[in-house]
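*Asks:* The structure file data.pdb (PDB, C-alpha atoms) is provided below.
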ATOM      1  CA  MET A   1       4.923  -1.984   0.130
ATOM      2  CA  PRO A   2       4.147   0.507   2.939
ATOM      3  CA  LEU A   3       3.592  -0.915   6.415
ATOM      4  CA  ARG A   4       0.129   0.634   6.618
ATOM      5  CA  THR A   5      -0.743  -1.190   3.415
ATOM      6  CA  ARG A   6       0.540  -4.448   4.915
ATOM      7  CA  ILE A   7      -1.679  -4.011   7.956
ATOM      8  CA  ILE A   8      -4.658  -3.234   5.809
ATOM      9  CA  LEU A   9      -3.798  -6.164   3.620
ATOM     10  CA  SER A  10      -3.715  -8.521   6.550
ATOM     11  CA  THR A  11      -7.210  -7.496   7.443
ATOM     12  CA  LEU A  12      -8.220  -7.828   3.874
ATOM     13  CA  ALA A  13      -6.735 -11.269   3.598
ATOM     14  CA  ALA A  14      -9.070 -12.632   6.177
ATOM     15  CA  ALA A  15     -11.915 -10.623   4.713
ATOM     16  CA  ALA A  16     -11.186 -11.937   1.274
ATOM     17  CA  LEU A  17     -11.364 -15.461   2.564
ATOM     18  CA  ALA A  18     -14.789 -14.893   3.996
ATOM     19  CA  GLY A  19     -16.024 -12.990   0.962
ATOM     20  CA  ALA A  20     -14.947 -15.636  -1.452
ATOM     21  CA  ALA A  21     -16.626 -18.354   0.504
ATOM     22  CA  ALA A  22     -19.859 -16.409   0.674
ATOM     23  CA  ALA A  23     -19.919 -15.147  -2.873
ATOM     24  CA  SER A  24     -19.051 -18.439  -4.481
ATOM     25  CA  ALA A  25     -21.427 -20.507  -2.289
ATOM     26  CA  GLN A  26     -19.097 -23.468  -2.748
ATOM     27  CA  PRO A  27     -18.629 -26.315  -0.303
ATOM     28  CA  PRO A  28     -15.643 -26.136   2.066
ATOM     29  CA  GLY A  29     -12.272 -26.245   0.356
ATOM     30  CA  GLN A  30      -9.576 -24.006  -0.993
ATOM     31  CA  LEU A  31     -10.586 -20.466  -1.958
ATOM     32  CA  THR A  32      -8.615 -17.499  -3.326
ATOM     33  CA  PHE A  33      -9.729 -13.864  -2.947
ATOM     34  CA  THR A  34      -8.623 -10.264  -3.233
ATOM     35  CA  THR A  35      -9.303  -7.600  -0.631
ATOM     36  CA  GLN A  36      -9.101  -3.797  -0.681
ATOM     37  CA  PRO A  37      -8.425  -1.468   2.275
ATOM     38  CA  ALA A  38     -11.239   0.940   3.178
ATOM     39  CA  ALA A  39     -10.128   2.593   6.459
ATOM     40  CA  ILE A  40      -7.359   2.342   9.056
ATOM     41  CA  ARG A  41      -6.663   4.171  12.324
ATOM     42  CA  PHE A  42      -3.761   3.971  14.772
ATOM     43  CA  PHE A  43      -3.987   4.510  18.534
ATOM     44  CA  SER A  44      -0.995   4.857  20.855
ATOM     45  CA  ASN A  45      -1.030   4.473  24.614
ATOM     46  CA  THR A  46      -1.422   8.290  24.760
ATOM     47  CA  GLY A  47      -4.353   8.546  22.330
ATOM     48  CA  PRO A  48      -5.205   8.622  18.605
ATOM     49  CA  ILE A  49      -2.415   9.082  16.050
ATOM     50  CA  THR A  50      -3.226  11.457  13.193
ATOM     51  CA  GLY A  51      -2.382   9.748   9.899
ATOM     52  CA  TYR A  52       0.243   7.020   9.902
ATOM     53  CA  PRO A  53       2.711   6.575  12.764
ATOM     54  CA  THR A  54       6.011   8.415  12.411
ATOM     55  CA  ALA A  55       7.624   6.575  15.329
ATOM     56  CA  PRO A  56       7.762   2.838  16.027
ATOM     57  CA  LEU A  57       4.642   1.343  17.556
ATOM     58  CA  VAL A  58       5.087   0.008  21.082
ATOM     59  CA  THR A  59       3.449  -2.585  23.327
ATOM     60  CA  GLY A  60      -0.235  -1.762  23.757
ATOM     61  CA  ASP A  61      -0.642   0.347  20.608
ATOM     62  CA  ARG A  62      -3.724  -0.534  18.526
ATOM     63  CA  ILE A  63      -4.573  -0.617  14.835
ATOM     64  CA  ILE A  64      -8.254  -0.596  13.807
ATOM     65  CA  GLY A  65      -9.189  -1.312  10.197
ATOM     66  CA  GLN A  66     -12.010  -1.991   7.808
ATOM     67  CA  ASP A  67     -11.737  -3.557   4.355
ATOM     68  CA  ARG A  68     -13.913  -4.299   1.353
ATOM     69  CA  ILE A  69     -14.264  -8.014   0.600
ATOM     70  CA  LEU A  70     -14.317  -8.784  -3.133
ATOM     71  CA  GLN A  71     -15.076 -11.993  -4.989
ATOM     72  CA  HIS A  72     -14.324 -11.970  -8.725
ATOM     73  CA  GLY A  73     -14.195  -8.172  -8.507
ATOM     74  CA  VAL A  74     -17.674  -7.907  -6.962
ATOM     75  CA  LEU A  75     -18.261  -6.492  -3.474
ATOM     76  CA  ALA A  76     -19.272  -9.374  -1.176
ATOM     77  CA  GLY A  77     -19.092  -7.663   2.236
ATOM     78  CA  HIS A  78     -16.650  -5.973   4.610
ATOM     79  CA  ASP A  79     -14.649  -6.669   7.738
ATOM     80  CA  ASN A  80     -13.776  -5.024  11.038
ATOM     81  CA  GLU A  81     -10.299  -5.703  12.423
ATOM     82  CA  ALA A  82      -8.524  -4.852  15.664
ATOM     83  CA  CYS A  83      -4.792  -5.452  16.147
ATOM     84  CA  THR A  84      -2.711  -4.943  19.278
ATOM     85  CA  VAL A  85       1.066  -4.584  19.421
ATOM     86  CA  ALA A  86       2.393  -7.101  21.954
ATOM     87  CA  PHE A  87       5.929  -7.661  23.207
ATOM     88  CA  THR A  88       8.945  -7.789  20.854
ATOM     89  CA  ARG A  89       6.910  -6.091  18.070
ATOM     90  CA  ASP A  90       4.538  -9.061  17.663
ATOM     91  CA  VAL A  91       1.132  -7.844  16.449
ATOM     92  CA  LEU A  92      -1.963  -9.895  17.303
ATOM     93  CA  CYS A  93      -5.040  -9.406  15.082
ATOM     94  CA  GLN A  94      -8.707 -10.397  15.375
ATOM     95  CA  ASP A  95     -11.100  -9.901  12.484
ATOM     96  CA  ILE A  96     -14.808 -10.413  11.856
ATOM     97  CA  PHE A  97     -15.770 -10.652   8.199
ATOM     98  CA  ILE A  98     -19.350  -9.724   7.467
ATOM     99  CA  LEU A  99     -20.500 -11.463   4.313
ATOM    100  CA  ASP A 100     -23.696 -10.021   2.906
ATOM    101  CA  GLY A 101     -26.519 -12.569   3.183
ATOM    102  CA  GLN A 102     -24.128 -15.353   4.303
ATOM    103  CA  GLY A 103     -22.947 -14.780   7.865
ATOM    104  CA  ASP A 104     -19.788 -13.741   9.662
ATOM    105  CA  VAL A 105     -16.354 -15.386   9.820
ATOM    106  CA  GLN A 106     -13.887 -14.921  12.671
ATOM    107  CA  ALA A 107     -10.177 -14.991  11.821
ATOM    108  CA  SER A 108      -6.950 -14.394  13.767
ATOM    109  CA  TRP A 109      -3.297 -13.942  12.854
ATOM    110  CA  SER A 110      -0.057 -12.452  14.073
ATOM    111  CA  PHE A 111       2.964 -10.901  12.422
ATOM    112  CA  ARG A 112       6.138  -9.075  13.420
ATOM    113  CA  TRP A 113       6.002  -5.274  13.146
ATOM    114  CA  PRO A 114       9.141  -4.057  11.324
ATOM    115  CA  ALA A 115      11.806  -2.336  13.427
ATOM    116  CA  THR A 116      12.385   0.277  10.709
ATOM    117  CA  GLY A 117      10.958   1.333   7.381
ATOM    118  CA  THR A 118       7.393   1.403   6.133
ATOM    119  CA  GLN A 119       7.005  -2.153   4.885
ATOM    120  CA  GLY A 120       5.229  -5.000   6.595
ATOM    121  CA  PRO A 121       5.504  -8.690   5.823
ATOM    122  CA  ALA A 122       5.294  -9.821   2.200
ATOM    123  CA  SER A 123       3.025 -12.642   3.385
ATOM    124  CA  PHE A 124       1.509 -14.107   6.545
ATOM    125  CA  ASP A 125      -0.687 -16.979   7.709
ATOM    126  CA  GLY A 126      -3.704 -17.098  10.005
ATOM    127  CA  ILE A 127      -6.511 -19.236  11.352
ATOM    128  CA  ILE A 128     -10.267 -19.275  10.848
ATOM    129  CA  ASP A 129     -11.857 -20.084  14.175
ATOM    130  CA  GLY A 130     -15.619 -19.811  13.871
ATOM    131  CA  GLY A 131     -18.479 -17.876  12.430
ATOM    132  CA  THR A 132     -22.237 -17.395  12.189
ATOM    133  CA  GLY A 133     -24.906 -18.256   9.636
ATOM    134  CA  ARG A 134     -23.480 -20.322   6.804
ATOM    135  CA  PHE A 135     -20.102 -20.251   8.561
ATOM    136  CA  ARG A 136     -21.260 -21.304  12.038
ATOM    137  CA  ALA A 137     -18.849 -24.271  12.145
ATOM    138  CA  ALA A 138     -16.030 -22.782  10.044
ATOM    139  CA  HIS A 139     -12.477 -23.776  10.979
ATOM    140  CA  GLY A 140      -9.364 -23.660   8.856
ATOM    141  CA  TRP A 141      -6.462 -21.464   7.850
ATOM    142  CA  PHE A 142      -5.395 -18.909   5.283
ATOM    143  CA  HIS A 143      -2.267 -17.571   3.604
ATOM    144  CA  ALA A 144      -2.203 -13.884   2.636
ATOM    145  CA  ARG A 145       0.156 -12.328   0.092
ATOM    146  CA  ALA A 146       0.615  -8.635  -0.641
ATOM    147  CA  LEU A 147       0.001  -7.578  -4.243
ATOM    148  CA  PRO A 148       1.372  -4.547  -6.073
ATOM    149  CA  GLY A 149      -0.872  -1.550  -5.528
ATOM    150  CA  GLY A 150      -1.912  -2.384  -1.960
ATOM    151  CA  ASP A 151      -4.414  -5.212  -2.444
ATOM    152  CA  LEU A 152      -4.082  -8.565  -0.712
ATOM    153  CA  GLN A 153      -4.548 -12.029  -2.159
ATOM    154  CA  VAL A 154      -5.807 -14.632   0.262
ATOM    155  CA  THR A 155      -5.865 -18.365  -0.229
ATOM    156  CA  ALA A 156      -7.919 -20.131   2.429
ATOM    157  CA  THR A 157      -8.915 -23.631   3.376
ATOM    158  CA  ILE A 158     -12.159 -24.033   5.321
ATOM    159  CA  ASN A 159     -12.600 -27.529   6.720
ATOM    160  CA  ASP A 160     -16.178 -27.142   7.888
ATOM    161  CA  ALA A 161     -18.523 -24.357   6.880
ATOM    162  CA  SER A 162     -21.841 -26.101   7.424
TER     163      SER A 162
END
Reformat the file's structure so that it appears as structure tokens.
*Replies:*
Amino acid sequence: MPLRTRIILSTLAAAALAGAAAASAQPPGQLTFTTQPAAIRFFSNTGPITGYPTAPLVTGDRIIGQDRILQHGVLAGHDNEACTVAFTRDVLCQDIFILDGQGDVQASWSFRWPATGTQGPASFDGIIDGGTGRFRAAHGWFHARALPGGDLQVTATINDAS
């Protein structure tokens, strides 16, 4: 799977988590969702990159993304993600998932940017560390897995979403 798809998928994973929680209106627990990429942009330390990077990203480069959050195939909101390349190709991501009529969820994760090729991680894990509205006390974690075709499946556990 292309690296750009992996990045988008990571954003979507967190978004999917939030969307599923909102759309299903279930109490805290384990949730599984699918997300779809909507937009992605790359910025190097010298300015915007047109299209996808053709050279390795370096410390300080940024990736900005937005995804559609789906629950049972129905649009439940969107997210806004910002990732920064740190040292040794570690990428640190922050995401706010905006769930229509429910509130926002904040999620974070990191992954290792590949040294070569166009593929990112097949899966990654992250944390849920707050929110607003229905998710004002949300804390937990998620596991994201890339699917064929560029979507991302997210399985999340929210311990408190009062």
*Asks:* Using only C-alpha atoms, which residue out of A:Ala55, A:Ala86, A:Ala146, A:Val74 lies closest to A:Ala122?
*Replies:* A:Ala146
*Asks:* Between atom CA of A:Phe124 and atom CA of A:Phe142, measure the distance and give it in Å to one decimal.
*Replies:*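 Spanning atom CA of A:Phe124 to atom CA of A:Phe142 is a straight-line distance of 8.5 Å.
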*Asks:* Where does the PyMOL selection byres ((chain A and resi 138) around 8) land in this file, that is, which residues does it pick, as an MDAnalysis selection string?
*Replies:* chainID A and resid 105 128:131 135:137 139:140 158:162
*Asks:* Smallest atom-to-atom distance to A:Arg68: which of A:Tyr52, A:Phe111, A:Gly133, A:Asp151, using all atoms listed in the file?
*Replies:*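 That would be A:Asp151, the residue with the smallest distance to A:Arg68.
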*Asks:* Between A:Cys83, A:Gly60, A:His78, A:Arg112, which is the closest to A:Asp100 once you count only C-alpha atoms?
*Replies:*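 Checking each of A:Cys83, A:Gly60, A:His78, A:Arg112 against A:Asp100, counting only C-alpha atoms, the winner is A:His78.
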*Asks:* When distances are computed from all atoms listed in the file, which of A:Gln106, A:Asn45, A:Thr155, A:Thr59 shows the smallest separation from A:Asp79?
*Replies:*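 With all atoms listed in the file as the atom set, the closest residue is A:Gln106.
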*Asks:* From the list A:Pro148, A:Asp125, A:Ile69, A:Thr84, which residue is nearest A:Leu99 when using only C-alpha atoms?
*Replies:* A:Ile69
*Asks:* Expressed in Å to a single decimal, how great is the separation between atom CA of A:Gly73 and atom CA of A:Asp104?
*Replies:*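 Answer for the atom CA of A:Gly73 to atom CA of A:Asp104 separation: 19.8 Å.
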*Asks:* Neighbours of A:Arg41 within 12 Å (all atoms listed in the file; same-chain residues fewer than 5 positions away dropped), as a short mmCIF file (atom, residue, chain, number, x, y, z; two decimals) with C-alpha atoms, in the frame of the given file?
*Replies:*
data_model
loop_
_atom_site.label_atom_id
_atom_site.label_comp_id
_atom_site.auth_asym_id
_atom_site.auth_seq_id
_atom_site.Cartn_x
_atom_site.Cartn_y
_atom_site.Cartn_z
CA ARG A 4 0.13 0.63 6.62
CA THR A 5 -0.74 -1.19 3.42
CA ILE A 7 -1.68 -4.01 7.96
CA ILE A 8 -4.66 -3.23 5.81
CA GLY A 47 -4.35 8.55 22.33
CA PRO A 48 -5.20 8.62 18.60
CA ILE A 49 -2.42 9.08 16.05
CA THR A 50 -3.23 11.46 13.19
CA GLY A 51 -2.38 9.75 9.90
CA TYR A 52 0.24 7.02 9.90
CA PRO A 53 2.71 6.58 12.76
CA ASP A 61 -0.64 0.35 20.61
CA ARG A 62 -3.72 -0.53 18.53
CA ILE A 63 -4.57 -0.62 14.84
CA ILE A 64 -8.25 -0.60 13.81
CA GLY A 65 -9.19 -1.31 10.20
CA GLN A 66 -12.01 -1.99 7.81
CA ASN A 80 -13.78 -5.02 11.04
CA GLU A 81 -10.30 -5.70 12.42
CA ALA A 82 -8.52 -4.85 15.66
CA CYS A 83 -4.79 -5.45 16.15
#
*Asks:* How far is it from atom CA of A:Thr132 to atom CA of A:Ala107, in Å with one decimal?
*Replies:*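 Rounded to one decimal, the two atoms are 12.3 Å apart.
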*Asks:* For a quick check of understanding, using all atoms listed in the file, which of A:Val85, A:Ala144, A:Leu70, A:Ala76 has the smallest distance to A:Gln102?
*Replies:*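 The answer is A:Ala76, which sits nearest to A:Gln102.
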*Asks:* May I have the centre and edge lengths, in Å to one decimal, of an axis-aligned box around the listed atoms of stretch 62-67 of chain A with 4 Å added to every side, as lines of an AutoDock Vina configuration file?
*Replies:*
center_x = -7.9
center_y = -2.0
center_z = 11.4
size_x = 16.3
size_y = 11.0
size_z = 22.2
*Asks:* Go through the shown structure with the PyMOL selection byres ((chain A and resi 153) around 6) and write out the matching residues as an MDAnalysis selection string.
*Replies:* chainID A and resid 33:34 144:145 152 154
*Asks:* Can you spit out stretch 81-118 of chain A with N, CA, C and O atoms, as a PDB file, in the first residue's frame, from the structure just given?
*Replies:*
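Result file out_2.pdb:
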ATOM      1  N   GLU A  81      -5.877  16.347  10.735  1.00  0.00           N
ATOM      2  CA  GLU A  81      -4.672  15.726  11.292  1.00  0.00           C
ATOM      3  C   GLU A  81      -3.439  16.514  10.903  1.00  0.00           C
ATOM      4  O   GLU A  81      -3.354  17.028   9.787  1.00  0.00           O
ATOM      5  N   ALA A  82      -2.489  16.593  11.832  1.00  0.00           N
ATOM      6  CA  ALA A  82      -1.184  17.192  11.550  1.00  0.00           C
ATOM      7  C   ALA A  82      -0.112  16.247  12.075  1.00  0.00           C
ATOM      8  O   ALA A  82      -0.151  15.832  13.233  1.00  0.00           O
ATOM      9  N   CYS A  83       0.830  15.880  11.203  1.00  0.00           N
ATOM     10  CA  CYS A  83       1.935  15.002  11.582  1.00  0.00           C
ATOM     11  C   CYS A  83       3.255  15.715  11.320  1.00  0.00           C
ATOM     12  O   CYS A  83       3.377  16.463  10.342  1.00  0.00           O
ATOM     13  N   THR A  84       4.222  15.470  12.179  1.00  0.00           N
ATOM     14  CA  THR A  84       5.549  16.059  12.041  1.00  0.00           C
ATOM     15  C   THR A  84       6.584  14.945  12.044  1.00  0.00           C
ATOM     16  O   THR A  84       6.531  14.053  12.898  1.00  0.00           O
ATOM     17  N   VAL A  85       7.521  15.005  11.098  1.00  0.00           N
ATOM     18  CA  VAL A  85       8.613  14.037  11.069  1.00  0.00           C
ATOM     19  C   VAL A  85       9.622  14.468  12.129  1.00  0.00           C
ATOM     20  O   VAL A  85      10.101  15.599  12.130  1.00  0.00           O
ATOM     21  N   ALA A  86       9.930  13.549  13.049  1.00  0.00           N
ATOM     22  CA  ALA A  86      10.894  13.821  14.113  1.00  0.00           C
ATOM     23  C   ALA A  86      12.231  13.175  13.736  1.00  0.00           C
ATOM     24  O   ALA A  86      12.494  12.926  12.566  1.00  0.00           O
ATOM     25  N   PHE A  87      13.042  12.895  14.714  1.00  0.00           N
ATOM     26  CA  PHE A  87      14.342  12.281  14.467  1.00  0.00           C
ATOM     27  C   PHE A  87      14.190  10.805  14.132  1.00  0.00           C
ATOM     28  O   PHE A  87      13.209  10.169  14.500  1.00  0.00           O
ATOM     29  N   THR A  88      15.153  10.260  13.437  1.00  0.00           N
ATOM     30  CA  THR A  88      15.210   8.839  13.033  1.00  0.00           C
ATOM     31  C   THR A  88      13.928   8.375  12.351  1.00  0.00           C
ATOM     32  O   THR A  88      13.488   7.251  12.566  1.00  0.00           O
ATOM     33  N   ARG A  89      13.309   9.257  11.556  1.00  0.00           N
ATOM     34  CA  ARG A  89      12.122   8.956  10.747  1.00  0.00           C
ATOM     35  C   ARG A  89      10.872   8.664  11.572  1.00  0.00           C
ATOM     36  O   ARG A  89       9.882   8.177  11.039  1.00  0.00           O
ATOM     37  N   ASP A  90      10.883   8.945  12.877  1.00  0.00           N
ATOM     38  CA  ASP A  90       9.659   8.808  13.666  1.00  0.00           C
ATOM     39  C   ASP A  90       8.715   9.933  13.264  1.00  0.00           C
ATOM     40  O   ASP A  90       9.122  11.084  13.121  1.00  0.00           O
ATOM     41  N   VAL A  91       7.440   9.603  13.077  1.00  0.00           N
ATOM     42  CA  VAL A  91       6.418  10.585  12.720  1.00  0.00           C
ATOM     43  C   VAL A  91       5.429  10.667  13.874  1.00  0.00           C
ATOM     44  O   VAL A  91       4.906   9.649  14.328  1.00  0.00           O
ATOM     45  N   LEU A  92       5.189  11.879  14.360  1.00  0.00           N
ATOM     46  CA  LEU A  92       4.288  12.116  15.483  1.00  0.00           C
ATOM     47  C   LEU A  92       3.031  12.779  14.956  1.00  0.00           C
ATOM     48  O   LEU A  92       3.106  13.814  14.286  1.00  0.00           O
ATOM     49  N   CYS A  93       1.854  12.205  15.252  1.00  0.00           N
ATOM     50  CA  CYS A  93       0.589  12.704  14.703  1.00  0.00           C
ATOM     51  C   CYS A  93      -0.397  13.094  15.800  1.00  0.00           C
ATOM     52  O   CYS A  93      -0.529  12.394  16.807  1.00  0.00           O
ATOM     53  N   GLN A  94      -1.098  14.197  15.561  1.00  0.00           N
ATOM     54  CA  GLN A  94      -2.199  14.672  16.396  1.00  0.00           C
ATOM     55  C   GLN A  94      -3.422  14.791  15.499  1.00  0.00           C
ATOM     56  O   GLN A  94      -3.309  15.265  14.375  1.00  0.00           O
ATOM     57  N   ASP A  95      -4.570  14.388  16.012  1.00  0.00           N
ATOM     58  CA  ASP A  95      -5.781  14.404  15.203  1.00  0.00           C
ATOM     59  C   ASP A  95      -6.961  14.832  16.055  1.00  0.00           C
ATOM     60  O   ASP A  95      -7.072  14.431  17.211  1.00  0.00           O
ATOM     61  N   ILE A  96      -7.829  15.641  15.478  1.00  0.00           N
ATOM     62  CA  ILE A  96      -9.110  15.995  16.096  1.00  0.00           C
ATOM     63  C   ILE A  96     -10.195  15.463  15.170  1.00  0.00           C
ATOM     64  O   ILE A  96     -10.255  15.803  13.997  1.00  0.00           O
ATOM     65  N   PHE A  97     -11.040  14.606  15.718  1.00  0.00           N
ATOM     66  CA  PHE A  97     -12.148  14.031  14.967  1.00  0.00           C
ATOM     67  C   PHE A  97     -13.409  14.789  15.325  1.00  0.00           C
ATOM     68  O   PHE A  97     -13.749  14.891  16.483  1.00  0.00           O
ATOM     69  N   ILE A  98     -14.057  15.307  14.328  1.00  0.00           N
ATOM     70  CA  ILE A  98     -15.262  16.107  14.511  1.00  0.00           C
ATOM     71  C   ILE A  98     -16.445  15.228  14.141  1.00  0.00           C
ATOM     72  O   ILE A  98     -16.627  14.878  12.973  1.00  0.00           O
ATOM     73  N   LEU A  99     -17.208  14.847  15.154  1.00  0.00           N
ATOM     74  CA  LEU A  99     -18.322  13.934  14.962  1.00  0.00           C
ATOM     75  C   LEU A  99     -19.616  14.727  14.989  1.00  0.00           C
ATOM     76  O   LEU A  99     -19.976  15.306  16.015  1.00  0.00           O
ATOM     77  N   ASP A 100     -20.281  14.752  13.858  1.00  0.00           N
ATOM     78  CA  ASP A 100     -21.491  15.554  13.696  1.00  0.00           C
ATOM     79  C   ASP A 100     -22.488  15.315  14.826  1.00  0.00           C
ATOM     80  O   ASP A 100     -22.906  14.183  15.066  1.00  0.00           O
ATOM     81  N   GLY A 101     -22.828  16.394  15.551  1.00  0.00           N
ATOM     82  CA  GLY A 101     -23.829  16.319  16.609  1.00  0.00           C
ATOM     83  C   GLY A 101     -23.375  15.602  17.863  1.00  0.00           C
ATOM     84  O   GLY A 101     -24.186  15.404  18.770  1.00  0.00           O
ATOM     85  N   GLN A 102     -22.100  15.189  17.960  1.00  0.00           N
ATOM     86  CA  GLN A 102     -21.629  14.403  19.101  1.00  0.00           C
ATOM     87  C   GLN A 102     -20.529  15.100  19.898  1.00  0.00           C
ATOM     88  O   GLN A 102     -20.495  15.016  21.100  1.00  0.00           O
ATOM     89  N   GLY A 103     -19.597  15.705  19.207  1.00  0.00           N
ATOM     90  CA  GLY A 103     -18.438  16.317  19.852  1.00  0.00           C
ATOM     91  C   GLY A 103     -17.179  15.946  19.102  1.00  0.00           C
ATOM     92  O   GLY A 103     -17.222  15.351  18.028  1.00  0.00           O
ATOM     93  N   ASP A 104     -16.054  16.327  19.682  1.00  0.00           N
ATOM     94  CA  ASP A 104     -14.747  16.068  19.080  1.00  0.00           C
ATOM     95  C   ASP A 104     -13.981  15.062  19.929  1.00  0.00           C
ATOM     96  O   ASP A 104     -14.167  14.983  21.140  1.00  0.00           O
ATOM     97  N   VAL A 105     -13.068  14.329  19.278  1.00  0.00           N
ATOM     98  CA  VAL A 105     -12.190  13.383  19.963  1.00  0.00           C
ATOM     99  C   VAL A 105     -10.764  13.719  19.564  1.00  0.00           C
ATOM    100  O   VAL A 105     -10.472  13.927  18.384  1.00  0.00           O
ATOM    101  N   GLN A 106      -9.872  13.765  20.555  1.00  0.00           N
ATOM    102  CA  GLN A 106      -8.456  14.002  20.271  1.00  0.00           C
ATOM    103  C   GLN A 106      -7.713  12.677  20.353  1.00  0.00           C
ATOM    104  O   GLN A 106      -7.863  11.926  21.305  1.00  0.00           O
ATOM    105  N   ALA A 107      -6.890  12.411  19.330  1.00  0.00           N
ATOM    106  CA  ALA A 107      -6.112  11.170  19.281  1.00  0.00           C
ATOM    107  C   ALA A 107      -4.675  11.485  18.867  1.00  0.00           C
ATOM    108  O   ALA A 107      -4.422  12.488  18.194  1.00  0.00           O
ATOM    109  N   SER A 108      -3.756  10.635  19.277  1.00  0.00           N
ATOM    110  CA  SER A 108      -2.331  10.786  18.951  1.00  0.00           C
ATOM    111  C   SER A 108      -1.752   9.421  18.631  1.00  0.00           C
ATOM    112  O   SER A 108      -2.207   8.410  19.148  1.00  0.00           O
ATOM    113  N   TRP A 109      -0.725   9.407  17.775  1.00  0.00           N
ATOM    114  CA  TRP A 109      -0.004   8.176  17.482  1.00  0.00           C
ATOM    115  C   TRP A 109       1.334   8.515  16.859  1.00  0.00           C
ATOM    116  O   TRP A 109       1.582   9.656  16.483  1.00  0.00           O
ATOM    117  N   SER A 110       2.183   7.524  16.757  1.00  0.00           N
ATOM    118  CA  SER A 110       3.450   7.693  16.053  1.00  0.00           C
ATOM    119  C   SER A 110       3.723   6.435  15.244  1.00  0.00           C
ATOM    120  O   SER A 110       3.170   5.372  15.521  1.00  0.00           O
ATOM    121  N   PHE A 111       4.544   6.600  14.221  1.00  0.00           N
ATOM    122  CA  PHE A 111       4.966   5.454  13.418  1.00  0.00           C
ATOM    123  C   PHE A 111       6.302   5.795  12.779  1.00  0.00           C
ATOM    124  O   PHE A 111       6.717   6.949  12.765  1.00  0.00           O
ATOM    125  N   ARG A 112       6.983   4.809  12.251  1.00  0.00           N
ATOM    126  CA  ARG A 112       8.275   5.010  11.611  1.00  0.00           C
ATOM    127  C   ARG A 112       8.080   5.180  10.118  1.00  0.00           C
ATOM    128  O   ARG A 112       7.503   4.326   9.449  1.00  0.00           O
ATOM    129  N   TRP A 113       8.537   6.327   9.573  1.00  0.00           N
ATOM    130  CA  TRP A 113       8.475   6.580   8.141  1.00  0.00           C
ATOM    131  C   TRP A 113       9.434   5.616   7.450  1.00  0.00           C
ATOM    132  O   TRP A 113      10.556   5.453   7.897  1.00  0.00           O
ATOM    133  N   PRO A 114       9.035   4.964   6.367  1.00  0.00           N
ATOM    134  CA  PRO A 114       9.935   4.010   5.709  1.00  0.00           C
ATOM    135  C   PRO A 114      11.151   4.701   5.099  1.00  0.00           C
ATOM    136  O   PRO A 114      11.058   5.834   4.626  1.00  0.00           O
ATOM    137  N   ALA A 115      12.285   4.010   5.121  1.00  0.00           N
ATOM    138  CA  ALA A 115      13.519   4.562   4.552  1.00  0.00           C
ATOM    139  C   ALA A 115      13.444   4.594   3.035  1.00  0.00           C
ATOM    140  O   ALA A 115      14.012   5.473   2.391  1.00  0.00           O
ATOM    141  N   THR A 116      12.755   3.618   2.442  1.00  0.00           N
ATOM    142  CA  THR A 116      12.615   3.550   0.987  1.00  0.00           C
ATOM    143  C   THR A 116      11.217   3.055   0.646  1.00  0.00           C
ATOM    144  O   THR A 116      10.495   2.563   1.510  1.00  0.00           O
ATOM    145  N   GLY A 117      10.861   3.168  -0.598  1.00  0.00           N
ATOM    146  CA  GLY A 117       9.581   2.656  -1.069  1.00  0.00           C
ATOM    147  C   GLY A 117       8.438   3.615  -0.804  1.00  0.00           C
ATOM    148  O   GLY A 117       8.622   4.728  -0.328  1.00  0.00           O
ATOM    149  N   THR A 118       7.239   3.157  -1.115  1.00  0.00           N
ATOM    150  CA  THR A 118       6.052   4.002  -0.979  1.00  0.00           C
ATOM    151  C   THR A 118       5.041   3.412  -0.013  1.00  0.00           C
ATOM    152  O   THR A 118       3.876   3.787  -0.046  1.00  0.00           O
TER     153      THR A 118
END
